[in-house]
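Asks: Below is the structure I would like to discuss, written out as structure tokens.
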Amino acid sequence: MITRNDHSVWLRNRRKPSESDSYRKSSRNDRIDEQNDIATEDQSLMADLQVTLNRLKLRNPILVASGTFGYAREMAAFVNFSDLGGIVPKTVTGESRIGNPPPRTVETSSGMLNSIGLDNDGIDVFINKHVPYLTGLDTALIANVAGRTVDDFAMLAERLSGVSGIAAVELNISCPNVSGGVDFGTNPDSAKEVVAAVRNACPFPVIAKLTPNVTDITAIAAGAAEGGADAVSCVNTFQGMAIDWRRRKAVLGNVLGGLSGPAIKPLALRCVYQIAKSVDIPIIGIGGISTIDDVLEFLVAGATAVQIGTANFYNPAVSGSMATLLNQQLDADGIRSVAEIVGSIHQTTQQSC
Amino acid sequence: MNRDNSNVEPHSCEEISLPGQIEFARQHTGKILSQRVLADKTFAIRIDARELAEAITPGQFFMIRPERGTDPLLGRPFALYDTIVDDQGMPVALEFAYHVVGKMTNLMSEWESGENVVVWGPLGNGFPFYEGNHLLCVGGGIGYTPFLGVSRETLGTRLYGDSSKSSRATRESANPERRVTLCYGAQSQRYLADLSDFDDFDSSRFRIQISTDDGSAGHHGFVTDLVAQNLSAQGNDRPDGVYCCGPERMMAAVASICQAENVPCWLSLETPMACGFGACFSCVTKVVTDDGWDYRRTCIEGPVFPAESLAFQEN
Ligand SMILES: Cc1cc2nc3c(=O)[nH]c(=O)nc-3n(C[C@H](O)[C@H](O)[C@H](O)COP(=O)(O)OP(=O)(O)OC[C@H]3O[C@@H](n4cnc5c(N)ncnc54)[C@H](O)[C@@H]3O)c2cc1C
Ligand SMILES: Cc1cc2nc3c(=O)[nH]c(=O)nc-3n(C[C@H](O)[C@H](O)[C@H](O)COP(=O)(O)O)c2cc1C
Ligand code: FES
């Protein structure tokens with residue numbers, strides 16, 4: 001039943017773009033990011049953007065983060081999906097979940113808190129309703145799953161193995177908004193166990209998505225690596241809260257939430273840097289990425305790929321523009337491939353304390 | 001345009017329809033053309049965003065944020081107030097009205113002509129094209145703004161959205177007897193917006209009734225009193241449909257009056273939003289399903305809902 005797929009398939013176009021794709025090609029979204037205004041004249045875009053994270057090959061390192069891109073349909077008006085290295089749709093669980101009571105998000109200084117609570121319709125609806133659309137898109141599909149037990153995770157991975165066209169599975173062992181989910185991400189042995197179980201249950205590459213809400217994130221990354229993870233994605237949101245002091249109440253319906261957006265970028269960069277320094281595993285950098293400079297900072301810190309999250313909400317066209325910007329920037333700096341710049345900080349600096 | 005399926009059908013749990021998911025929504029940078037005062041802490045901003053102006057219809061909204069900076073970070077949703085048309089009647093810009101409540105709206109009140117802003121839209125389903133005889137629009141506070149466009153469209157004096165679509169055809173057959181009554185409630189006179197934009201309607205087909213909570217203008221009391229009065233009238237004076245936008249409590253009250261009077265009612269929700277296009281799942285509201293209720297995204301299943309499809313929060 002389980003067959004080993006050739007995941008390098010993601011380097012090729014899997015089907016002819018449909019009519020609606022060509023409709024999107026004529027996307028009239030203005031490019032708006034002031035920090036991204038690199039010369040747009042026709043340049044010879046030569047840099048090699050392909051990246052390899054063990055068994056997972058991507059045509060470029062620009063992914064979009066789970067929970068910030070819906071099931072992709074929602075973004076179709078703004079993004080030409082073939083410009084992305086891959087899509088990570090919203091986390092799916094075994095059973096449907098109603099999610100947390102509103103308010104589910106609140107803006108904070110240069111960031112936002114969310115406590116969506118894994119609102120989703122469950123694996124059956126995901127496979128029947130969303131996967132057919134997602135696998136029809138010209139980009140890699142990285143399913144993101146969350147379970148309460150090791151068996152849950154393995155069952156979800158096994159269900160997904162029955163579906164063709166999935167490039168990898170990302171394990172959300174780090175959601176701070178539901179009890180049970182976060183435990184696997186806070187203990188290296190559990191992280192190892194859940195990754196190993198999923199690896200056994202499915203043929204595709206396995207990515208462990210880590211929570212930063214731990215004392216030593218490198219220990220968890222090491223656990224995931226020992227369990228056989230192809231990569232770790234780093235990081236999920238930082239636990240936080242917002243208070244309306246006049247009403248003596250928490251702002252979020254769920255009281256606590258996860259912080260994301262530009263506010264967390266330095267914290268996330270630190271996590272990527274530390275893991276890259278001490279654990280031998282490819283890293284997908286996540287946290288506050290919204291400009292091409294942000295992307296490059298994460299690559300230099302040691303990430304082989306990145307995910308754009310909160311920025312999709314306030315700059316919906318941004319993810320689709322990033323691979324081109326990356327190409328232009330590498331070209332302008334005479335860098336021939338993404339691989340050349342990944343982790344380059346570790347060749348040039350010494351730790352000072 | 002997805003305007004036809006926003007009608008009375010209750011939301012069913014098997015087939016989730018997303019009438020507010022707009023495939024031709026786009027992100028644009030546009031210049032502020034002007035900003036004017038409508039009332040205390042209430043302003044209207046005109047933006048040079050031709051494509052958005054061409055596409056948007058009454059009750060739809062768009063998101064807006066400054067071109068630069070990350071604080072405020074997220075866009076904020078605002079409903080269409082008016083489109084600005086050129087000599088040929090083609091929309092070239094749009095206007096929205098807002099009330100200052102917090103971080104972004106305070107900043108917006110300092111925006112000046114010539115500044116760039118980023119907008120994305122059109123978003124949401126908008127109000128259905130009204131095909132009854134007498135439409136009652138009920139606006140609470142800044143919630144009155146969608147009803148300028150709604151009234152124009154209903155009375156056939158302006159087209160909105162892609163003109164090749166149904167609105168033009170419907171206008172051709174627009175019922176010359178069709179009427180609109182706008183009930184507009186505010187806390188007090190100083191928050192009552194300048195209503196001169198509504199002056200160009202034919203007074204035999206359009207009227208405005210005002211209420212203030214403190215009695216400083218119009219009826220002394222809630223706008224719901226006016227709704228009840230209107231619905232107790234006879235013949236064509238009695239509205240046969242109600243569109244409502246305002247604070248949730250007021251909308252719940254209007255919905256229950258309409259239910260008692262057996263008049264169809266649509267509500268436009270102002271749930272706080274982070275993206276406006278369905279990606280974040282933060283704007284959820286309780287929608288009635290076959291087996292109770294479910295949280296649904298206001299931005300792409302609404303923001304306009306038939307009142308009976310909503311499960312109001314107890315408070
Ligand atoms: C579809 C839609 C259309 C809208 N159209 C208009 C419009 O045409 N004109 C207009 O003035 N406003 C409109 N709103 C509301 C408007 O989006 C908010 O007032 C605005 O986001 C407030 O931003 P802020 O940064 O100033 O306030 P914040 O600093 O974000 O919030 C300040 C305070 O207001 C509260 N608040 C924020 N948003 C809302 C809300 N939606 N409802 C109730 N309380 C809220 C917050 O909880 C907080 O206490 C609309 C909302 C929606 C969803
Ligand atoms: C509204 C919202 C919902 C999210 N939902 C999920 C989710 O379902 N699964 C998951 O693994 N991460 C989820 N995340 C976390 C993001 O994928 C990402 O790790 C985090 O937001 C940090 O990146 P950013 O700062 O670029 O947003 C969510 C984040 C936000 C803001
Ligand atoms: S505002 Fe993001 S899903 Fe509705």
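Residues in the structure tokens are numbered from 1 in each chain, the chains being A, B, ... in the order shown, and ligands are numbered from 1 in the order shown.
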Chain B near ligand 3 within 6 Å: what's each residue's closest atom pair and its distance in Å to one decimal, counting only C-alpha atoms and all ligand atoms, ordered by chain then ascending residue number, as CSV?
Replies:
residue,atom,partner,partner_atom_place_in_ligand_line,distance
B:Met273,CA,ligand 3,1 (S),3.9
B:Ala274,CA,ligand 3,1 (S),4.6
B:Cys275,CA,ligand 3,2 (Fe),4.0
B:Gly276,CA,ligand 3,1 (S),3.8
B:Phe277,CA,ligand 3,2 (Fe),5.6
B:Gly278,CA,ligand 3,3 (S),3.3
B:Ala279,CA,ligand 3,3 (S),4.6
B:Cys280,CA,ligand 3,2 (Fe),3.9
B:Phe281,CA,ligand 3,3 (S),3.9
B:Ser282,CA,ligand 3,2 (Fe),5.3
B:Cys283,CA,ligand 3,4 (Fe),4.4
B:Arg297,CA,ligand 3,4 (Fe),5.1
B:Thr298,CA,ligand 3,4 (Fe),5.7
B:Cys299,CA,ligand 3,4 (Fe),4.3
Asks: Could you turn the residues from that selection into a file that holds N, CA, C and O atoms, as a tab-separated table (two decimals), in the first residue's frame?
Replies:
chain	number	residue	atom	x	y	z
B	273	MET	N	-11.25	41.50	12.28
B	273	MET	CA	-10.61	40.64	11.28
B	273	MET	C	-9.11	40.86	11.25
B	273	MET	O	-8.64	41.96	11.55
B	274	ALA	N	-8.37	39.81	10.86
B	274	ALA	CA	-6.93	39.97	10.71
B	274	ALA	C	-6.50	39.99	9.25
B	274	ALA	O	-5.56	40.67	8.89
B	275	CYS	N	-7.19	39.21	8.38
B	275	CYS	CA	-6.78	39.18	6.97
B	275	CYS	C	-7.87	39.69	6.04
B	275	CYS	O	-7.60	40.37	5.08
B	276	GLY	N	-9.11	39.31	6.30
B	276	GLY	CA	-10.23	39.75	5.48
B	276	GLY	C	-10.57	38.81	4.34
B	276	GLY	O	-11.57	39.01	3.64
B	277	PHE	N	-9.74	37.76	4.10
B	277	PHE	CA	-10.00	36.91	2.94
B	277	PHE	C	-10.01	35.42	3.26
B	277	PHE	O	-9.86	34.59	2.37
B	278	GLY	N	-10.15	35.06	4.52
B	278	GLY	CA	-10.39	33.66	4.84
B	278	GLY	C	-9.18	32.85	5.28
B	278	GLY	O	-9.30	31.67	5.56
B	279	ALA	N	-8.01	33.48	5.38
B	279	ALA	CA	-6.81	32.71	5.67
B	279	ALA	C	-6.55	32.49	7.15
B	279	ALA	O	-5.87	31.54	7.52
B	280	CYS	N	-7.07	33.34	8.02
B	280	CYS	CA	-6.62	33.29	9.43
B	280	CYS	C	-7.60	32.65	10.40
B	280	CYS	O	-7.22	32.29	11.50
B	281	PHE	N	-8.86	32.52	10.05
B	281	PHE	CA	-9.88	31.94	10.93
B	281	PHE	C	-10.05	32.73	12.22
B	281	PHE	O	-10.37	32.17	13.26
B	282	SER	N	-9.84	34.05	12.18
B	282	SER	CA	-10.03	34.80	13.42
B	282	SER	C	-11.39	35.49	13.50
B	282	SER	O	-11.82	35.87	14.56
B	283	CYS	N	-12.09	35.62	12.38
B	283	CYS	CA	-13.29	36.45	12.33
B	283	CYS	C	-14.56	35.64	12.54
B	283	CYS	O	-15.62	36.04	12.08
B	297	ARG	N	-16.30	31.69	9.12
B	297	ARG	CA	-15.55	32.92	8.87
B	297	ARG	C	-16.46	34.01	8.30
B	297	ARG	O	-17.01	33.86	7.21
B	298	THR	N	-16.57	35.10	9.05
B	298	THR	CA	-17.43	36.21	8.63
B	298	THR	C	-16.96	36.81	7.30
B	298	THR	O	-17.77	37.21	6.47
B	299	CYS	N	-15.64	36.85	7.12
B	299	CYS	CA	-15.13	37.56	5.94
B	299	CYS	C	-15.49	36.88	4.64
B	299	CYS	O	-15.75	37.56	3.65
Asks: Mind listing as an mmCIF file with N, CA and C atoms, in the first residue's frame which residues of chain B are within 9 Å of chain A, counting only C-alpha atoms?
Replies:
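Below is the file iface.cif, written as the result:
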data_model
loop_
_atom_site.group_PDB
_atom_site.id
_atom_site.type_symbol
_atom_site.label_atom_id
_atom_site.label_comp_id
_atom_site.auth_asym_id
_atom_site.auth_seq_id
_atom_site.Cartn_x
_atom_site.Cartn_y
_atom_site.Cartn_z
ATOM 1 N N GLN B 21 -16.021 34.868 -0.845
ATOM 2 C CA GLN B 21 -14.662 34.646 -1.350
ATOM 3 C C GLN B 21 -14.604 35.174 -2.777
ATOM 4 N N ILE B 22 -13.858 36.231 -2.972
ATOM 5 C CA ILE B 22 -13.902 36.960 -4.239
ATOM 6 C C ILE B 22 -12.650 36.654 -5.053
ATOM 7 N N GLU B 23 -12.835 35.949 -6.165
ATOM 8 C CA GLU B 23 -11.653 35.510 -6.921
ATOM 9 C C GLU B 23 -10.921 36.668 -7.590
ATOM 10 N N PHE B 24 -11.618 37.787 -7.781
ATOM 11 C CA PHE B 24 -10.938 38.908 -8.438
ATOM 12 C C PHE B 24 -10.481 39.976 -7.445
ATOM 13 N N ALA B 25 -10.415 39.630 -6.159
ATOM 14 C CA ALA B 25 -9.842 40.576 -5.186
ATOM 15 C C ALA B 25 -8.368 40.789 -5.531
ATOM 16 N N ARG B 26 -7.870 41.973 -5.297
ATOM 17 C CA ARG B 26 -6.472 42.290 -5.592
ATOM 18 C C ARG B 26 -5.902 43.198 -4.523
ATOM 19 N N GLN B 27 -4.569 43.199 -4.448
ATOM 20 C CA GLN B 27 -3.863 44.107 -3.545
ATOM 21 C C GLN B 27 -3.334 45.284 -4.355
ATOM 22 N N HIS B 28 -3.590 46.484 -3.893
ATOM 23 C CA HIS B 28 -3.172 47.688 -4.614
ATOM 24 C C HIS B 28 -2.516 48.684 -3.667
ATOM 25 N N THR B 29 -1.688 49.535 -4.229
ATOM 26 C CA THR B 29 -1.246 50.721 -3.508
ATOM 27 C C THR B 29 -1.981 51.904 -4.127
ATOM 28 N N MET B 63 -9.691 45.855 2.898
ATOM 29 C CA MET B 63 -8.769 46.035 4.025
ATOM 30 C C MET B 63 -7.815 47.165 3.661
ATOM 31 N N ILE B 64 -7.379 47.902 4.669
ATOM 32 C CA ILE B 64 -6.472 49.015 4.412
ATOM 33 C C ILE B 64 -5.405 49.075 5.493
ATOM 34 N N ARG B 65 -4.192 49.448 5.090
ATOM 35 C CA ARG B 65 -3.120 49.685 6.062
ATOM 36 C C ARG B 65 -2.136 50.690 5.458
ATOM 37 N N GLU B 67 1.312 52.174 3.942
ATOM 38 C CA GLU B 67 2.243 51.526 3.035
ATOM 39 C C GLU B 67 3.486 51.043 3.773
ATOM 40 N N ARG B 68 3.892 51.773 4.779
ATOM 41 C CA ARG B 68 5.130 51.443 5.495
ATOM 42 C C ARG B 68 4.882 51.138 6.958
ATOM 43 N N GLY B 69 5.866 50.457 7.548
ATOM 44 C CA GLY B 69 5.839 50.258 8.992
ATOM 45 C C GLY B 69 5.130 48.981 9.393
ATOM 46 N N THR B 70 5.340 48.581 10.662
ATOM 47 C CA THR B 70 4.739 47.344 11.144
ATOM 48 C C THR B 70 3.916 47.569 12.411
ATOM 49 N N ASP B 71 3.657 48.813 12.769
ATOM 50 C CA ASP B 71 2.828 49.085 13.938
ATOM 51 C C ASP B 71 1.999 50.333 13.667
ATOM 52 N N PRO B 72 0.725 50.215 13.351
ATOM 53 C CA PRO B 72 -0.090 49.003 13.301
ATOM 54 C C PRO B 72 0.352 48.039 12.203
ATOM 55 N N LEU B 73 0.060 46.767 12.448
ATOM 56 C CA LEU B 73 0.547 45.721 11.557
ATOM 57 C C LEU B 73 -0.526 45.264 10.569
ATOM 58 N N LEU B 74 -1.651 44.849 11.105
ATOM 59 C CA LEU B 74 -2.670 44.212 10.271
ATOM 60 C C LEU B 74 -3.528 45.256 9.571
ATOM 61 N N GLY B 75 -4.097 44.868 8.440
ATOM 62 C CA GLY B 75 -5.061 45.732 7.774
ATOM 63 C C GLY B 75 -6.322 45.830 8.625
ATOM 64 N N VAL B 118 -2.091 50.968 1.375
ATOM 65 C CA VAL B 118 -2.269 49.685 0.708
ATOM 66 C C VAL B 118 -3.676 49.188 1.002
ATOM 67 N N TRP B 120 -6.649 45.979 -0.046
ATOM 68 C CA TRP B 120 -6.952 44.765 -0.798
ATOM 69 C C TRP B 120 -8.444 44.472 -0.725
ATOM 70 N N THR B 271 -17.336 41.837 12.692
ATOM 71 C CA THR B 271 -16.405 41.036 13.481
ATOM 72 C C THR B 271 -14.973 41.518 13.257
ATOM 73 N N PRO B 272 -14.181 41.679 14.308
ATOM 74 C CA PRO B 272 -12.769 42.040 14.080
ATOM 75 C C PRO B 272 -12.074 41.013 13.169
ATOM 76 N N MET B 273 -11.252 41.502 12.280
ATOM 77 C CA MET B 273 -10.612 40.643 11.280
ATOM 78 C C MET B 273 -9.109 40.860 11.254
ATOM 79 N N ALA B 274 -8.372 39.813 10.856
ATOM 80 C CA ALA B 274 -6.928 39.973 10.711
ATOM 81 C C ALA B 274 -6.501 39.990 9.246
ATOM 82 N N CYS B 275 -7.191 39.211 8.383
ATOM 83 C CA CYS B 275 -6.775 39.184 6.971
ATOM 84 C C CYS B 275 -7.871 39.686 6.043
ATOM 85 N N GLY B 276 -9.115 39.306 6.305
ATOM 86 C CA GLY B 276 -10.233 39.752 5.477
ATOM 87 C C GLY B 276 -10.570 38.811 4.336
ATOM 88 N N PHE B 277 -9.741 37.763 4.103
ATOM 89 C CA PHE B 277 -9.996 36.911 2.936
ATOM 90 C C PHE B 277 -10.006 35.420 3.259
ATOM 91 N N GLY B 278 -10.149 35.061 4.524
ATOM 92 C CA GLY B 278 -10.385 33.657 4.843
ATOM 93 C C GLY B 278 -9.179 32.854 5.279
ATOM 94 N N ALA B 279 -8.006 33.485 5.378
ATOM 95 C CA ALA B 279 -6.806 32.712 5.665
ATOM 96 C C ALA B 279 -6.549 32.490 7.155
ATOM 97 N N CYS B 280 -7.071 33.340 8.020
ATOM 98 C CA CYS B 280 -6.619 33.289 9.427
ATOM 99 C C CYS B 280 -7.598 32.647 10.399
ATOM 100 N N PHE B 281 -8.855 32.516 10.048
ATOM 101 C CA PHE B 281 -9.875 31.944 10.928
ATOM 102 C C PHE B 281 -10.049 32.730 12.225
ATOM 103 N N SER B 282 -9.839 34.049 12.183
ATOM 104 C CA SER B 282 -10.033 34.798 13.424
ATOM 105 C C SER B 282 -11.388 35.488 13.497
ATOM 106 N N CYS B 283 -12.086 35.622 12.379
ATOM 107 C CA CYS B 283 -13.290 36.449 12.330
ATOM 108 C C CYS B 283 -14.559 35.644 12.544
ATOM 109 N N VAL B 284 -14.461 34.510 13.223
ATOM 110 C CA VAL B 284 -15.602 33.584 13.225
ATOM 111 C C VAL B 284 -16.816 34.099 13.982
ATOM 112 N N THR B 285 -17.967 33.659 13.507
ATOM 113 C CA THR B 285 -19.237 33.954 14.157
ATOM 114 C C THR B 285 -20.042 32.658 14.176
ATOM 115 N N ASP B 294 -22.022 26.312 14.233
ATOM 116 C CA ASP B 294 -20.606 26.121 13.939
ATOM 117 C C ASP B 294 -19.989 27.507 13.784
ATOM 118 N N TYR B 295 -18.687 27.612 14.141
ATOM 119 C CA TYR B 295 -18.013 28.872 13.875
ATOM 120 C C TYR B 295 -17.698 28.972 12.387
ATOM 121 N N ILE B 300 -15.514 35.548 4.610
ATOM 122 C CA ILE B 300 -15.801 34.896 3.329
ATOM 123 C C ILE B 300 -17.146 34.172 3.281
#
Asks: Calculate how many Å separate CA of Leu49 in chain A from CA of Phe81 in chain A, rounding to one decimal.
Replies: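 Straight-line distance from CA of Leu49 in chain A to CA of Phe81 in chain A works out to 16.0 Å.
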Asks: Got a sec to check which residues lie within 6 Å of ligand 1, using only C-alpha atoms and all ligand atoms, and send them as a PyMOL selection string?
Replies: chain B and resi 61+76-79+96-106+142+145+270-273+303
Asks: From a backbone DSSP assignment, name each residue in range 46-216 of chain B labelled alpha helix (DSSP H), as a list in words.
Replies: Arg50, Glu51, Leu52, Ala53, Glu54, Ala55, Lys103, Met104, Thr105, Asn106, Leu107, Met108, Pro146, Phe147, Leu148, Gly149, Val150, Ser151, Arg152, Glu153, Thr154, Ser166, Ser167, Arg168, Ala169, Thr170, Arg171 and Glu172 of chain B
Asks: Can you list, as a ChimeraX atom specification, every residue of range 19-258 of chain B that DSSP puts in strand (DSSP E or B)?
Replies: /B:26-39,42-48,61-66,76-79,82-85,91-99,116-123,134-140,179-186,206-212,219-220,241-245
Asks: Pick out the residues sitting within 8 Å of Ile283 in chain A, and hand them over as a list in words; count only C-alpha atoms, and ignore anything fewer than 5 positions along from it in its own chain.
Replies: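 Neighbouring residues, sequence-local ones excluded: Leu53, Ala231, Val232, Ser233, Cys234, Val272, Ala276, Gly302, Ala303, Thr304 and Ala305 of chain A.
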Asks: What does the file look like for those residues with all heavy atoms, as a compact mmCIF listing (two decimals), in the first residue's frame?
Replies:
# COMPACT_ATOMS: atom_id res chain seq x y z
N LEU A 53 16.26 19.19 1.53
CA LEU A 53 16.24 18.95 2.97
C LEU A 53 16.10 17.44 3.13
O LEU A 53 14.98 16.91 3.12
CB LEU A 53 15.08 19.69 3.65
CG LEU A 53 15.04 21.22 3.45
CD1 LEU A 53 14.15 21.60 2.28
CD2 LEU A 53 14.58 21.93 4.71
N ALA A 231 13.74 17.24 8.51
CA ALA A 231 14.01 18.66 8.79
C ALA A 231 13.23 19.06 10.03
O ALA A 231 12.30 18.36 10.43
CB ALA A 231 13.59 19.53 7.61
N VAL A 232 13.64 20.18 10.63
CA VAL A 232 12.80 20.79 11.67
C VAL A 232 12.36 22.16 11.16
O VAL A 232 13.13 22.85 10.49
CB VAL A 232 13.54 20.94 13.02
CG1 VAL A 232 13.74 19.58 13.68
CG2 VAL A 232 14.86 21.68 12.87
N SER A 233 11.12 22.51 11.46
CA SER A 233 10.73 23.89 11.17
C SER A 233 10.67 24.64 12.48
O SER A 233 10.22 24.14 13.50
CB SER A 233 9.44 24.01 10.36
OG SER A 233 8.55 23.00 10.66
N CYS A 234 11.16 25.87 12.41
CA CYS A 234 11.54 26.55 13.62
C CYS A 234 11.29 28.04 13.42
O CYS A 234 11.97 28.65 12.63
CB CYS A 234 13.02 26.24 13.82
SG CYS A 234 13.84 27.17 15.05
N VAL A 272 16.98 29.48 15.21
CA VAL A 272 17.55 28.87 14.01
C VAL A 272 19.07 28.81 14.13
O VAL A 272 19.70 27.77 13.86
CB VAL A 272 17.14 29.66 12.74
CG1 VAL A 272 17.93 29.21 11.52
CG2 VAL A 272 15.63 29.52 12.50
N ALA A 276 21.24 25.37 14.16
CA ALA A 276 22.20 25.17 13.06
C ALA A 276 23.60 24.93 13.61
O ALA A 276 24.38 24.17 13.04
CB ALA A 276 22.19 26.38 12.13
N GLY A 302 21.24 29.78 9.06
CA GLY A 302 21.32 28.33 8.98
C GLY A 302 20.07 27.65 8.46
O GLY A 302 20.01 26.42 8.41
N ALA A 303 19.05 28.41 8.05
CA ALA A 303 17.84 27.79 7.50
C ALA A 303 18.06 27.47 6.03
O ALA A 303 18.62 28.27 5.29
CB ALA A 303 16.65 28.72 7.66
N THR A 304 17.60 26.28 5.61
CA THR A 304 17.70 25.90 4.20
C THR A 304 16.48 26.39 3.43
O THR A 304 16.52 26.58 2.22
CB THR A 304 17.80 24.36 4.09
OG1 THR A 304 18.92 23.94 4.87
CG2 THR A 304 18.01 23.92 2.65
N ALA A 305 15.38 26.56 4.14
CA ALA A 305 14.16 27.11 3.54
C ALA A 305 13.49 27.96 4.60
O ALA A 305 13.90 27.94 5.77
CB ALA A 305 13.23 25.99 3.08
